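Q: For reference, the file run-v8.txt (compact mmCIF, C-alpha atoms and all ligand atoms) is included below:
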```txt
# COMPACT_ATOMS: atom_id res chain seq x y z
CA MET U 1 12.25 11.17 -13.53
CA ASP U 2 15.15 12.88 -11.82
CA TRP U 3 17.74 11.20 -9.61
CA GLY U 4 15.97 11.76 -6.28
CA MET U 5 12.68 10.40 -7.56
CA LYS U 6 14.36 7.35 -9.10
CA ASN U 7 16.37 6.75 -5.94
CA ARG U 8 13.25 6.87 -3.77
CA MET U 9 11.41 4.51 -6.15
CA SER U 10 14.30 2.05 -5.93
CA ARG U 11 14.09 2.11 -2.12
CA ILE U 12 10.55 0.82 -2.46
CA PHE U 13 10.76 -1.48 -5.48
CA LYS U 14 13.87 -3.65 -5.07
CA PRO U 15 16.02 -3.09 -8.18
CA GLU U 16 16.82 -6.84 -8.43
CA THR U 17 13.17 -7.77 -8.92
CA GLY U 18 11.28 -4.52 -9.50
CA ARG U 19 8.90 -5.67 -6.77
CA THR U 20 7.99 -4.63 -3.25
CA VAL U 21 6.53 -6.04 -0.06
CA MET U 22 4.91 -2.98 1.52
CA LEU U 23 3.50 -3.40 5.00
CA ALA U 24 0.41 -1.21 5.55
CA ILE U 25 -0.40 -0.07 9.07
CA ASP U 26 -2.22 3.20 8.29
CA HIS U 27 -5.73 1.84 8.90
CA GLY U 28 -6.32 3.94 12.04
CA TYR U 29 -6.49 7.17 10.04
CA PHE U 30 -10.12 6.44 9.21
CA LEU U 31 -10.91 3.23 11.17
CA GLY U 32 -9.57 4.36 14.56
CA PRO U 33 -8.42 1.50 16.80
CA THR U 34 -7.60 -1.50 14.60
CA GLY U 35 -7.05 -5.06 15.83
CA GLY U 36 -3.33 -5.86 15.82
CA LEU U 37 -2.22 -2.22 15.80
CA GLU U 38 -2.81 -1.37 19.46
CA GLU U 39 0.95 -0.97 19.97
CA PRO U 40 2.33 -0.37 16.46
CA ALA U 41 6.04 -0.66 17.31
CA LYS U 42 5.53 -4.06 18.96
CA THR U 43 3.56 -5.27 15.96
CA VAL U 44 5.96 -4.11 13.27
CA GLU U 45 9.38 -4.67 14.82
CA PRO U 46 9.56 -8.41 14.07
CA LEU U 47 8.00 -7.87 10.63
CA LEU U 48 10.25 -5.14 9.28
CA PRO U 49 13.23 -7.37 8.38
CA HIS U 50 10.89 -9.04 5.87
CA ALA U 51 9.27 -5.88 4.48
CA ASP U 52 10.63 -3.48 1.84
CA SER U 53 8.66 -0.46 3.03
CA LEU U 54 6.19 0.65 5.68
CA MET U 55 3.01 2.61 4.97
CA LEU U 56 1.69 4.65 7.88
CA THR U 57 0.58 8.07 9.15
CA ARG U 58 2.95 10.70 10.46
CA GLY U 59 1.29 10.55 13.90
CA VAL U 60 2.07 6.88 14.40
CA LEU U 61 5.47 7.30 12.78
CA ARG U 62 6.50 10.11 15.15
CA ARG U 63 4.92 8.74 18.34
CA CYS U 64 5.34 4.99 17.99
CA ILE U 65 8.12 4.04 15.57
CA PRO U 66 11.75 4.42 16.68
CA SER U 67 13.69 6.66 14.28
CA SER U 68 16.48 4.07 14.30
CA PHE U 69 14.31 1.73 12.18
CA SER U 70 15.76 2.03 8.69
CA ILE U 71 12.72 0.89 6.70
CA PRO U 72 11.66 3.19 3.80
CA ILE U 73 8.52 5.12 4.75
CA VAL U 74 5.43 5.54 2.56
CA LEU U 75 3.64 8.37 4.32
CA ARG U 76 -0.17 8.49 4.38
CA SER U 77 -0.92 12.08 3.39
CA SER U 78 -4.69 12.14 3.01
CA GLY U 79 -7.56 11.86 5.44
CA GLY U 80 -10.00 14.08 7.29
CA THR U 81 -12.94 11.64 7.22
CA SER U 82 -13.86 8.49 9.13
CA ILE U 83 -15.99 5.38 8.73
CA LEU U 84 -18.76 7.33 10.48
CA THR U 85 -19.02 9.97 7.73
CA GLU U 86 -18.68 10.18 3.95
CA LEU U 87 -15.29 8.53 3.62
CA SER U 88 -14.67 9.81 0.11
CA ASN U 89 -14.47 13.50 1.11
CA GLU U 90 -10.79 13.25 2.00
CA GLY U 91 -8.38 16.16 1.90
CA LEU U 92 -4.60 16.36 1.97
CA THR U 93 -3.29 16.14 5.52
CA VAL U 94 0.49 16.43 5.20
CA ASP U 95 2.62 19.16 3.70
CA MET U 96 5.43 17.91 1.47
CA GLU U 97 7.96 19.69 3.70
CA ASP U 98 6.87 17.58 6.63
CA ALA U 99 7.05 14.43 4.51
CA LEU U 100 10.68 15.34 3.77
CA ARG U 101 11.30 16.12 7.46
CA VAL U 102 10.37 12.54 8.39
CA ASN U 103 12.49 11.26 5.49
CA ALA U 104 9.59 9.75 3.55
CA SER U 105 10.50 7.68 0.51
CA ALA U 106 7.02 8.23 -0.92
CA VAL U 107 3.70 9.82 -0.03
CA THR U 108 0.30 8.26 -0.49
CA LEU U 109 -3.31 9.36 -0.70
CA SER U 110 -6.67 7.80 -1.52
CA ILE U 111 -8.80 8.73 -4.50
CA PHE U 112 -12.48 7.86 -4.81
CA VAL U 113 -13.58 7.49 -8.43
CA GLY U 114 -17.37 7.34 -8.79
CA GLU U 115 -18.04 8.62 -5.29
CA GLU U 116 -19.01 11.96 -3.79
CA GLY U 117 -15.38 12.92 -3.25
CA GLU U 118 -14.22 12.01 -6.77
CA ARG U 119 -13.36 15.53 -7.95
CA THR U 120 -11.78 16.65 -4.68
CA THR U 121 -9.64 13.55 -4.27
CA LEU U 122 -8.48 13.53 -7.90
CA LEU U 123 -7.49 17.17 -7.59
CA ASN U 124 -5.73 16.26 -4.32
CA LEU U 125 -3.76 13.71 -6.33
CA ALA U 126 -2.78 16.33 -8.90
CA LYS U 127 -1.62 18.70 -6.13
CA LEU U 128 0.38 16.01 -4.37
CA VAL U 129 2.01 15.03 -7.67
CA ASP U 130 3.00 18.68 -8.26
CA ALA U 131 4.63 18.81 -4.82
CA GLY U 132 6.21 15.37 -5.30
CA GLU U 133 7.70 16.37 -8.66
CA LYS U 134 9.10 19.53 -7.10
CA TYR U 135 10.97 17.63 -4.39
CA GLY U 136 11.55 14.24 -6.02
CA VAL U 137 9.04 12.33 -3.89
CA PRO U 138 6.92 9.65 -5.63
CA VAL U 139 3.17 9.49 -5.04
CA LEU U 140 1.25 6.26 -4.46
CA ALA U 141 -2.45 6.64 -5.30
CA VAL U 142 -4.76 4.27 -3.41
CA THR U 143 -7.94 3.27 -5.26
CA ALA U 144 -11.21 1.70 -4.25
CA VAL U 145 -11.18 1.84 -0.46
CA GLY U 146 -14.76 1.75 0.83
CA LYS U 147 -17.81 -0.43 0.67
CA ASN U 148 -19.86 0.88 -2.23
CA MET U 149 -17.98 0.13 -5.41
CA THR U 150 -17.80 -3.06 -7.46
CA ARG U 151 -14.17 -4.06 -7.49
CA ASP U 152 -14.14 -5.50 -11.00
CA ALA U 153 -11.61 -5.02 -13.81
CA ARG U 154 -13.72 -2.33 -15.47
CA TYR U 155 -13.95 -0.15 -12.37
CA LEU U 156 -10.41 -0.80 -11.10
CA GLY U 157 -9.00 -0.28 -14.60
CA LEU U 158 -10.79 3.07 -14.83
CA ALA U 159 -9.57 4.22 -11.41
CA CYS U 160 -5.97 3.06 -11.96
CA ARG U 161 -5.72 4.63 -15.41
CA ILE U 162 -7.02 7.96 -14.12
CA CYS U 163 -4.39 7.90 -11.34
CA ALA U 164 -1.61 7.27 -13.85
CA GLU U 165 -2.92 9.96 -16.21
CA LEU U 166 -2.90 12.49 -13.35
CA GLY U 167 0.74 11.68 -12.65
CA ALA U 168 0.73 9.10 -9.84
CA HIS U 169 4.06 7.25 -9.80
CA MET U 170 2.48 4.02 -8.51
CA VAL U 171 -1.02 2.78 -7.80
CA LYS U 172 -2.52 0.55 -5.18
CA THR U 173 -5.62 -1.39 -6.08
CA TYR U 174 -7.33 -4.74 -5.54
CA TYR U 175 -6.78 -8.00 -7.36
CA CYS U 176 -9.72 -9.01 -9.57
CA GLU U 177 -10.66 -11.30 -12.41
CA GLY U 178 -9.11 -9.85 -15.58
CA PHE U 179 -6.35 -8.16 -13.59
CA GLU U 180 -3.89 -8.42 -16.52
CA GLU U 181 -6.09 -5.94 -18.40
CA VAL U 182 -5.91 -3.51 -15.46
CA VAL U 183 -2.10 -3.83 -15.52
CA ARG U 184 -1.93 -3.41 -19.31
CA ASN U 185 -3.87 -0.15 -19.13
CA THR U 186 -1.91 1.32 -16.20
CA PRO U 187 1.53 2.61 -17.24
CA VAL U 188 2.90 2.76 -13.66
CA PRO U 189 3.64 -0.02 -11.15
CA ILE U 190 0.63 -1.53 -9.38
CA VAL U 191 0.63 -3.02 -5.90
CA ILE U 192 -2.34 -4.82 -4.44
CA ALA U 193 -4.02 -4.41 -1.07
CA GLY U 194 -4.95 -7.48 0.90
CA GLY U 195 -8.33 -6.30 2.14
CA LYS U 196 -10.13 -7.85 5.11
CA LYS U 197 -8.46 -10.76 6.89
CA ILE U 198 -8.96 -14.03 5.04
CA GLU U 199 -7.54 -17.51 5.57
CA GLU U 200 -3.72 -17.50 5.28
CA ARG U 201 -3.52 -19.80 2.29
CA ALA U 202 -6.11 -17.71 0.42
CA ALA U 203 -4.11 -14.54 1.14
CA LEU U 204 -0.97 -16.18 -0.25
CA GLU U 205 -2.92 -17.27 -3.34
CA LEU U 206 -4.06 -13.68 -3.77
CA ALA U 207 -0.46 -12.41 -3.65
CA TYR U 208 0.69 -15.18 -5.99
CA ASN U 209 -2.02 -14.52 -8.58
CA ALA U 210 -1.48 -10.76 -8.42
CA VAL U 211 2.27 -10.85 -9.07
CA ASN U 212 1.86 -13.50 -11.75
CA ASP U 213 -0.71 -11.29 -13.47
CA GLY U 214 1.63 -8.29 -13.43
CA ALA U 215 1.45 -6.60 -10.03
CA CYS U 216 4.79 -5.22 -8.82
CA GLY U 217 4.11 -6.42 -5.32
CA VAL U 218 1.73 -6.08 -2.43
CA ASP U 219 0.76 -3.43 0.09
CA MET U 220 -0.83 -5.67 2.70
CA GLY U 221 -1.90 -4.99 6.24
CA ARG U 222 -4.60 -7.00 7.99
CA ASN U 223 -3.66 -10.29 6.37
CA VAL U 224 -0.27 -9.89 7.97
CA PHE U 225 -0.74 -8.25 11.36
CA GLN U 226 -4.08 -9.97 12.11
CA SER U 227 -2.71 -13.41 11.24
CA ASP U 228 -2.14 -15.91 14.03
CA CYS U 229 1.52 -15.80 12.98
CA PRO U 230 2.29 -12.36 11.49
CA GLU U 231 5.99 -13.05 11.06
CA GLY U 232 5.38 -16.35 9.30
CA MET U 233 2.85 -14.65 7.08
CA ILE U 234 5.07 -11.79 5.96
CA ARG U 235 7.94 -14.19 5.32
CA ALA U 236 5.61 -16.33 3.21
CA ILE U 237 4.35 -13.28 1.27
CA ARG U 238 7.93 -12.17 0.72
CA ALA U 239 8.81 -15.61 -0.67
CA VAL U 240 5.98 -15.28 -3.20
CA VAL U 241 6.68 -11.67 -4.20
CA GLN U 242 10.47 -11.50 -4.13
CA ASP U 243 11.60 -15.13 -4.54
CA GLY U 244 8.94 -16.49 -6.90
CA ALA U 245 7.78 -19.18 -4.43
CA SER U 246 4.70 -21.29 -5.15
CA VAL U 247 1.64 -21.02 -2.90
CA ASP U 248 2.44 -24.46 -1.43
CA ASP U 249 6.02 -23.50 -0.60
CA ALA U 250 4.96 -20.17 0.85
CA PHE U 251 2.24 -21.78 2.94
CA GLY U 252 4.90 -24.18 4.24
CA ILE U 253 6.98 -21.19 5.38
CA TYR U 254 3.99 -19.78 7.28
CA ARG U 255 3.08 -23.19 8.78
CA ASP U 256 6.66 -23.91 9.90
CA ALA U 257 6.97 -20.46 11.48
CA LYS U 258 3.68 -21.01 13.28
CA GLY U 259 5.02 -24.32 14.56
C1 LIG U 301 -6.54 1.87 3.27
O1 LIG U 301 -6.77 2.97 2.78
C2 LIG U 301 -5.30 1.64 3.83
O2 LIG U 301 -4.38 2.39 3.07
C3 LIG U 301 -4.74 0.23 3.99
O3 LIG U 301 -3.41 0.40 4.15
C4 LIG U 301 -4.98 -0.68 2.83
O4 LIG U 301 -6.33 -0.96 2.69
C5 LIG U 301 -4.11 -1.96 2.87
O5 LIG U 301 -4.34 -2.71 3.93
P1 LIG U 301 -5.15 -4.09 3.88
O6 LIG U 301 -4.23 -5.09 3.24
O7 LIG U 301 -5.41 -4.39 5.32
O8 LIG U 301 -6.39 -3.88 3.06
```
Would you write the structure of this file as structure tokens?
Ligand code: R5P
A:
Amino acid sequence: MDWGMKNRMSRIFKPETGRTVMLAIDHGYFLGPTGGLEEPAKTVEPLLPHADSLMLTRGVLRRCIPSSFSIPIVLRSSGGTSILTELSNEGLTVDMEDALRVNASAVTLSIFVGEEGERTTLLNLAKLVDAGEKYGVPVLAVTAVGKNMTRDARYLGLACRICAELGAHMVKTYYCEGFEEVVRNTPVPIVIAGGKKIEERAALELAYNAVNDGACGVDMGRNVFQSDCPEGMIRAIRAVVQDGASVDDAFGIYRDAKG
């Protein structure tokens, strides 16, 4: 890894801990209007002091997020499908030059192992890695978005390992039973998605179990911005990921913030 690539990775994964709290707000690229993201700047502004990076599309970045915000950007660079069609047929949607123009610290795309778009999206990953290596921009590969697949250790381990083999610099996946085995077989940092909104304590347990089983952090969206206290929730998640807090202590942070 050259200097630029390492520097960008260290903007995302805090060098003191090797972990990250990534806030995901890119859902609209295939879901359209998403509860909590009607006015993205209003949603994220109070949350950013507690996040290490922000994952979003270039449209929302350019139109809704003030350029004075100094948070490292993980730029969603795949899409072209929606929940109304075959989601897995994604293409690349952002040129690396434009990612550099918006000062992205990383780019991200989804891959769909075992689905119709498997070949296309894995080749998309290879292309994005080539461009990333050329300019020193790390690539985050997102696995297992969609409804059809079984999110167990066998499937997630397969998808994550393929991403790493194709050159992804980090992988996003889901927490599952046997997650340590997924981590052991994936020679790049793994972050976990939160998935659909669940009860706050359960979401904190998910983050706690994931980092204790080897995840290098979280890339969570709906369990933060759809919470009844988004700021309390991201502070609580941060306490778990970056400060090693217990679930009880983290839940206390959320509850106190909620008042
Ligand atoms: C899905 O492709 C998107 O990248 C989301 O950012 C991702 O699913 C994480 O968000 P959530 O925690 O809401 O699942």
Q: Name the residues in contact with Asn124 of chain U at a cut-off of 9 Å, using all atoms listed in the file, excluding same-chain residues fewer than 5 positions from it; report them as a PDB file with C-alpha atoms, keeping the file's coordinate frame.
A:
```pdb
ATOM      1  CA  SER U  78      -4.690  12.140   3.010  1.00  0.00           C
ATOM      2  CA  GLU U  90     -10.790  13.250   2.000  1.00  0.00           C
ATOM      3  CA  GLY U  91      -8.380  16.160   1.900  1.00  0.00           C
ATOM      4  CA  LEU U  92      -4.600  16.360   1.970  1.00  0.00           C
ATOM      5  CA  LEU U 109      -3.310   9.360  -0.700  1.00  0.00           C
ATOM      6  CA  SER U 110      -6.670   7.800  -1.520  1.00  0.00           C
ATOM      7  CA  ILE U 111      -8.800   8.730  -4.500  1.00  0.00           C
ATOM      8  CA  ARG U 119     -13.360  15.530  -7.950  1.00  0.00           C
ATOM      9  CA  VAL U 129       2.010  15.030  -7.670  1.00  0.00           C
TER      10      VAL U 129
END
```
Q: With distances taken over only C-alpha atoms, which residue among U:Asn212, U:Ser53, U:Thr108, U:Ser246 lies nearest Arg76 of chain U?
A: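 Nearest to Arg76 of chain U: U:Thr108.
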Q: Pick out the closest residue to Lys197 of chain U from this set: U:Met233, U:Cys160, U:Val137, U:Val247. Count all atoms listed in the file.
A: U:Met233
Q: Which of these residues is nearest to ligand LIG 301 (chain U), using all atoms listed in the file: U:Gly178, U:Gly132, U:Pro187, U:Gly32?
A: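 Among the listed residues, U:Gly32 lies closest to ligand LIG 301 (chain U).
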Q: Contacts of Ile192 of chain U at 10 Å or less, counting all atoms listed in the file, minus same-chain residues fewer than 5 places along, as a PyMOL selection string?
A: chain U and resi 21-22+142-143+171-176+206-207+210-211+215-220
Q: Pick the closest to Asp228 of chain U from U:Glu16, U:Glu205, U:Glu180, U:Glu200: which is it, counting all atoms listed in the file?
A: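 Looking at the shortest contact to Asp228 of chain U, the residue is U:Glu200.
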Q: Go through U:Gly195, U:Gly114, U:Gly59, U:Pro138 one by one, measure the shortest atom-to-atom distance of each to Ile162 of chain U using all atoms listed in the file, and give the residue with the smallest value.
A: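 Comparing U:Gly195, U:Gly114, U:Gly59, U:Pro138 against Ile162 of chain U, the winner is U:Gly114.
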Q: Distance cut-off 8 Å, centre (4.1, -6.8, 11.4) in file coordinates, counting only C-alpha atoms: which residues qualify? Return them as a list in words.
A: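 Protein and nucleic acid residues near the point are Leu23, Thr43, Val44, Glu45, Pro46, Leu47, Leu48, Val224, Phe225, Pro230, Glu231 and Ile234 of chain U.
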Q: Just want the residues within 7 Å of ligand LIG 301 (chain U), written as a PyMOL selection string, counting only C-alpha atoms and all ligand atoms.
A: chain U and resi 24-27+55+110+142+145+193-196+219-223
Q: Print the selection's residues with C-alpha atoms to a file, as a PDB file, keeping the file's coordinate frame.
A:
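See result-v7.pdb below for the written result:
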```
ATOM      1  CA  ALA U  24       0.410  -1.210   5.550  1.00  0.00           C
ATOM      2  CA  ILE U  25      -0.400  -0.070   9.070  1.00  0.00           C
ATOM      3  CA  ASP U  26      -2.220   3.200   8.290  1.00  0.00           C
ATOM      4  CA  HIS U  27      -5.730   1.840   8.900  1.00  0.00           C
ATOM      5  CA  MET U  55       3.010   2.610   4.970  1.00  0.00           C
ATOM      6  CA  SER U 110      -6.670   7.800  -1.520  1.00  0.00           C
ATOM      7  CA  VAL U 142      -4.760   4.270  -3.410  1.00  0.00           C
ATOM      8  CA  VAL U 145     -11.180   1.840  -0.460  1.00  0.00           C
ATOM      9  CA  ALA U 193      -4.020  -4.410  -1.070  1.00  0.00           C
ATOM     10  CA  GLY U 194      -4.950  -7.480   0.900  1.00  0.00           C
ATOM     11  CA  GLY U 195      -8.330  -6.300   2.140  1.00  0.00           C
ATOM     12  CA  LYS U 196     -10.130  -7.850   5.110  1.00  0.00           C
ATOM     13  CA  ASP U 219       0.760  -3.430   0.090  1.00  0.00           C
ATOM     14  CA  MET U 220      -0.830  -5.670   2.700  1.00  0.00           C
ATOM     15  CA  GLY U 221      -1.900  -4.990   6.240  1.00  0.00           C
ATOM     16  CA  ARG U 222      -4.600  -7.000   7.990  1.00  0.00           C
ATOM     17  CA  ASN U 223      -3.660 -10.290   6.370  1.00  0.00           C
TER      18      ASN U 223
END
```
Q: What lies within 10 Å of Arg184 of chain U using only C-alpha atoms, ignoring chain neighbours under 6 positions off, as a PyMOL selection string?
A: chain U and resi 157+161+213-214
